[in-house]
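Take a look at the structure set out below.
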Amino acid sequence: MRLLLVEDEKRMAQALYELLRLEKYQVDHFADGVDGLEAAKSGVYDIIILDVMLPGMDGCKIARVIRQTGIRTPILMLTAKAQLDDKVTGLDSGADDYLTKPFMTRELLARLRALGRRSIDAPDGTLSYGDIVLNTNTCTLSCVTNGQRVRLSEKEYRILEYLIANQRQILTREQLAVRIWGLESDAEYNNVEVYMSFTRRKLAFVEARTEIKAVRGVGYELRCGNV
Ligand code: CA
């Protein structure tokens with residue numbers, strides 16, 4: 001299991017790092033919130049241990065951004081404060097569990113085992129909406145109701161990833177162009193339309209009920225059936 005540890009207190013980080021390595025976890029450690037978030041976005045981790053008070057960006061904000069990005073890696077939040085408010089904020093922001101410092105080693109390990117099981121149930125690197133599942137590791141799209149699967153090109157993948165991360169919102173052509181082709185790119189907006197049609201073909205290929213709906217004059221959104 002690969003674990004991301006974001007903790008700025010040196011002694012705590014060192015102790016946790018050694019303990020987790022002894023328990024056969026592969027551990028990457030960051031002390032800064034922004035660096036930790038960047039690492040988390042890679043989507044390669046099975047569990048993320050996140051301190052709340054961090055330089056750069058606080059743990060609650062990091063958890064929120066991770067969830068907005070569509071990454072569902074289980075998050076265990078650590079905090080020095082035992083206040084209920086912190087706990088509520090932490091869980092609201094997308095953390096799965098919560099541990100108050102100081103904690104017992106065996107308590108931490110028990111929580112990690114529980115989260116690890118959850119991570120296997122909902123494998124890291126998948127995004128889902130309606131009846132479709134996107135696998136980040138294999139760049140494939142599959143339909144959960146019939147098990148059909150297809151490989152996506154990089155752009156098709158990024159279009160679906162962006163739409164799923166922003167479900168229930170209409171994304172404009174401009175947002176899509178910037179997101180998929182980048183700010184400096186002079187990609188024409190009709191590139192968006194061309195790739196939308198490729199992506200729709202892939203959805204049709206796996207016979208998904210989920211569709212990319214064009215909202216005239218505005219942009220696109222994902223819809224599943226009549227939802
Ligand atoms: Ca801290």
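Labeling convention for the structure tokens: chains A, B, ... as they appear, residues from 1 per chain, ligands from 1 in order of appearance.
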Surroundings of ligand 1 up to 12 Å, based on only C-alpha atoms and all ligand atoms, as a PyMOL selection string: chain A and resi 5-13+30-33+49-59+77-81+100-101
Within 12 Å of segment 150-168 of chain A, which residues of segment 30-69 of chain A come that close, and what is the closest atom pair and distance in Å for each? Count only C-alpha atoms and give it as JSON lines.
```
{"residue": "A:Val65", "atom": "CA", "partner": "A:Ala165", "partner_atom": "CA", "distance": 10.9}
{"residue": "A:Ile66", "atom": "CA", "partner": "A:Ala165", "partner_atom": "CA", "distance": 10.5}
{"residue": "A:Arg67", "atom": "CA", "partner": "A:Ala165", "partner_atom": "CA", "distance": 8.6}
{"residue": "A:Gln68", "atom": "CA", "partner": "A:Ala165", "partner_atom": "CA", "distance": 6.3}
{"residue": "A:Thr69", "atom": "CA", "partner": "A:Ala165", "partner_atom": "CA", "distance": 5.9}
```
Write the selection just made, keeping C-alpha atoms, as a PDB file, in the first residue's frame?
```pdb
ATOM      1  CA  VAL A  65      -9.587  20.294  -3.437  1.00  0.00           C
ATOM      2  CA  ILE A  66      -8.738  16.579  -3.615  1.00  0.00           C
ATOM      3  CA  ARG A  67     -12.442  15.703  -3.650  1.00  0.00           C
ATOM      4  CA  GLN A  68     -13.254  18.433  -6.169  1.00  0.00           C
ATOM      5  CA  THR A  69     -10.604  16.943  -8.431  1.00  0.00           C
TER       6      THR A  69
END
```
Need the shell around segment 194-204 of chain A: protein/DNA/RNA residues with any atom at most 12 Å away, counting only C-alpha atoms. Skip same-chain ones fewer than 2 positions apart. Format as a short mmCIF file (atom, residue, chain, number, x, y, z; two decimals) with N, CA and C atoms, in the first residue's frame?
```cif
data_model
loop_
_atom_site.label_atom_id
_atom_site.label_comp_id
_atom_site.auth_asym_id
_atom_site.auth_seq_id
_atom_site.Cartn_x
_atom_site.Cartn_y
_atom_site.Cartn_z
N GLY A 130 -23.17 8.17 -12.91
CA GLY A 130 -24.25 7.39 -13.54
C GLY A 130 -23.83 5.95 -13.70
N ASP A 131 -23.88 5.44 -14.93
CA ASP A 131 -23.50 4.04 -15.15
C ASP A 131 -22.10 3.89 -15.74
N ILE A 132 -21.30 4.98 -15.71
CA ILE A 132 -19.95 4.85 -16.27
C ILE A 132 -18.86 4.95 -15.20
N VAL A 133 -17.75 4.24 -15.48
CA VAL A 133 -16.58 4.31 -14.61
C VAL A 133 -15.36 4.58 -15.48
N LEU A 134 -14.56 5.51 -15.02
CA LEU A 134 -13.35 5.89 -15.74
C LEU A 134 -12.16 5.38 -14.92
N THR A 140 -9.33 3.73 -19.38
CA THR A 140 -10.46 3.07 -20.01
C THR A 140 -11.78 3.59 -19.45
N LEU A 141 -12.79 3.46 -20.28
CA LEU A 141 -14.15 3.81 -19.90
C LEU A 141 -14.92 2.51 -19.86
N SER A 142 -15.69 2.28 -18.78
CA SER A 142 -16.53 1.09 -18.79
C SER A 142 -17.92 1.44 -18.31
N CYS A 143 -18.86 0.57 -18.69
CA CYS A 143 -20.25 0.75 -18.30
C CYS A 143 -20.55 -0.31 -17.24
N GLN A 148 -19.13 -3.55 -20.45
CA GLN A 148 -18.38 -3.22 -21.67
C GLN A 148 -17.32 -2.17 -21.36
N ARG A 149 -16.24 -2.26 -22.11
CA ARG A 149 -15.08 -1.43 -21.80
C ARG A 149 -14.42 -0.96 -23.09
N VAL A 150 -13.87 0.26 -23.05
CA VAL A 150 -13.16 0.75 -24.22
C VAL A 150 -12.01 1.65 -23.79
N ARG A 151 -10.95 1.64 -24.56
CA ARG A 151 -9.81 2.53 -24.26
C ARG A 151 -10.12 3.93 -24.77
N LEU A 152 -9.64 4.92 -24.04
CA LEU A 152 -9.86 6.31 -24.45
C LEU A 152 -8.54 6.94 -24.86
N SER A 153 -8.63 7.88 -25.79
CA SER A 153 -7.43 8.69 -26.08
C SER A 153 -7.25 9.64 -24.91
N GLU A 154 -6.08 10.26 -24.85
CA GLU A 154 -5.78 11.14 -23.73
C GLU A 154 -6.82 12.27 -23.62
N LYS A 155 -7.18 12.86 -24.76
CA LYS A 155 -8.13 13.99 -24.73
C LYS A 155 -9.53 13.54 -24.35
N GLU A 156 -9.94 12.41 -24.89
CA GLU A 156 -11.27 11.88 -24.52
C GLU A 156 -11.32 11.62 -23.02
N TYR A 157 -10.23 11.05 -22.52
CA TYR A 157 -10.17 10.76 -21.09
C TYR A 157 -10.29 12.05 -20.28
N ARG A 158 -9.55 13.07 -20.69
CA ARG A 158 -9.54 14.31 -19.92
C ARG A 158 -10.89 15.04 -20.00
N ILE A 159 -11.56 14.90 -21.13
CA ILE A 159 -12.90 15.50 -21.25
C ILE A 159 -13.86 14.84 -20.26
N LEU A 160 -13.87 13.52 -20.24
CA LEU A 160 -14.78 12.82 -19.32
C LEU A 160 -14.41 13.07 -17.86
N GLU A 161 -13.12 13.09 -17.58
CA GLU A 161 -12.66 13.34 -16.22
C GLU A 161 -13.15 14.72 -15.74
N LEU A 163 -15.69 16.49 -16.98
CA LEU A 163 -17.15 16.51 -16.86
C LEU A 163 -17.62 15.81 -15.58
N ARG A 173 -17.59 25.85 -23.63
CA ARG A 173 -16.56 25.43 -24.59
C ARG A 173 -15.22 26.03 -24.19
N LEU A 176 -13.66 24.14 -21.34
CA LEU A 176 -13.15 22.85 -21.83
C LEU A 176 -11.87 23.04 -22.63
N ALA A 177 -11.85 24.08 -23.49
CA ALA A 177 -10.67 24.31 -24.33
C ALA A 177 -9.46 24.61 -23.46
N ILE A 180 -8.49 21.33 -21.43
CA ILE A 180 -7.97 20.19 -22.20
C ILE A 180 -6.74 20.59 -23.03
N TRP A 181 -6.77 21.80 -23.62
CA TRP A 181 -5.66 22.17 -24.50
C TRP A 181 -4.70 23.16 -23.86
N ALA A 187 -5.90 26.32 -29.72
CA ALA A 187 -6.90 25.37 -30.20
C ALA A 187 -8.21 26.10 -30.48
N GLU A 188 -8.77 25.82 -31.63
CA GLU A 188 -10.06 26.42 -31.99
C GLU A 188 -11.15 25.76 -31.16
N TYR A 189 -12.21 26.53 -30.93
CA TYR A 189 -13.30 25.95 -30.15
C TYR A 189 -13.93 24.75 -30.85
N ASN A 190 -13.81 24.71 -32.18
CA ASN A 190 -14.42 23.55 -32.84
C ASN A 190 -13.65 22.26 -32.58
N ASN A 191 -12.38 22.39 -32.08
CA ASN A 191 -11.69 21.20 -31.58
C ASN A 191 -12.51 20.54 -30.48
N VAL A 192 -13.08 21.39 -29.63
CA VAL A 192 -13.88 20.88 -28.53
C VAL A 192 -15.02 20.04 -29.10
N VAL A 206 -19.82 1.67 -25.44
CA VAL A 206 -20.03 0.83 -24.26
C VAL A 206 -21.51 0.76 -23.86
N GLU A 207 -22.35 1.37 -24.71
CA GLU A 207 -23.81 1.36 -24.49
C GLU A 207 -24.19 1.94 -23.13
N ALA A 208 -23.53 3.04 -22.78
CA ALA A 208 -23.85 3.70 -21.51
C ALA A 208 -25.13 4.52 -21.66
N ARG A 209 -25.85 4.63 -20.55
CA ARG A 209 -27.02 5.51 -20.54
C ARG A 209 -26.57 6.95 -20.30
N THR A 210 -25.35 7.09 -19.77
CA THR A 210 -24.80 8.42 -19.52
C THR A 210 -24.45 9.09 -20.85
N GLU A 211 -24.84 10.34 -20.97
CA GLU A 211 -24.62 11.06 -22.23
C GLU A 211 -23.99 12.42 -21.96
N ILE A 212 -23.32 12.93 -22.99
CA ILE A 212 -22.86 14.32 -22.93
C ILE A 212 -23.92 15.15 -23.65
N LYS A 213 -24.61 15.98 -22.91
CA LYS A 213 -25.67 16.81 -23.49
C LYS A 213 -25.10 18.17 -23.84
N ALA A 214 -25.43 18.64 -25.03
CA ALA A 214 -25.05 19.99 -25.39
C ALA A 214 -26.16 20.92 -24.93
N GLY A 219 -22.83 25.26 -23.34
CA GLY A 219 -21.73 24.31 -23.26
C GLY A 219 -22.24 22.89 -23.14
N TYR A 220 -21.59 22.12 -22.27
CA TYR A 220 -21.90 20.69 -22.17
C TYR A 220 -22.08 20.27 -20.73
N GLU A 221 -22.86 19.22 -20.55
CA GLU A 221 -22.94 18.61 -19.22
C GLU A 221 -23.21 17.11 -19.36
N LEU A 222 -22.90 16.38 -18.30
CA LEU A 222 -23.17 14.95 -18.28
C LEU A 222 -24.56 14.72 -17.75
N ARG A 223 -25.25 13.76 -18.37
CA ARG A 223 -26.57 13.37 -17.87
C ARG A 223 -26.66 11.85 -17.94
N CYS A 224 -27.33 11.30 -16.96
CA CYS A 224 -27.57 9.86 -17.02
C CYS A 224 -29.07 9.63 -17.01
#
```
Extract, using only C-alpha atoms, all DNA, RNA and protein residues at most 7 Å from Pro74 of chain A, discarding same-chain residues fewer than 2 positions from it, and format them as a PDB file with C-alpha atoms, in the first residue's frame.
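The result, written out as selection-v4.pdb:
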```pdb
ATOM      1  CA  ILE A  47      -4.466   6.362   1.720  1.00  0.00           C
ATOM      2  CA  ILE A  48      -3.679   9.984   2.531  1.00  0.00           C
ATOM      3  CA  ARG A  72     -11.565   9.411  -3.888  1.00  0.00           C
ATOM      4  CA  LEU A  76      -7.336  10.267   7.521  1.00  0.00           C
ATOM      5  CA  ASP A  96     -13.090   9.805   5.745  1.00  0.00           C
ATOM      6  CA  LEU A 115      -9.316   2.745   5.302  1.00  0.00           C
ATOM      7  CA  SER A 119      -9.498   1.728  -0.721  1.00  0.00           C
TER       8      SER A 119
END
```
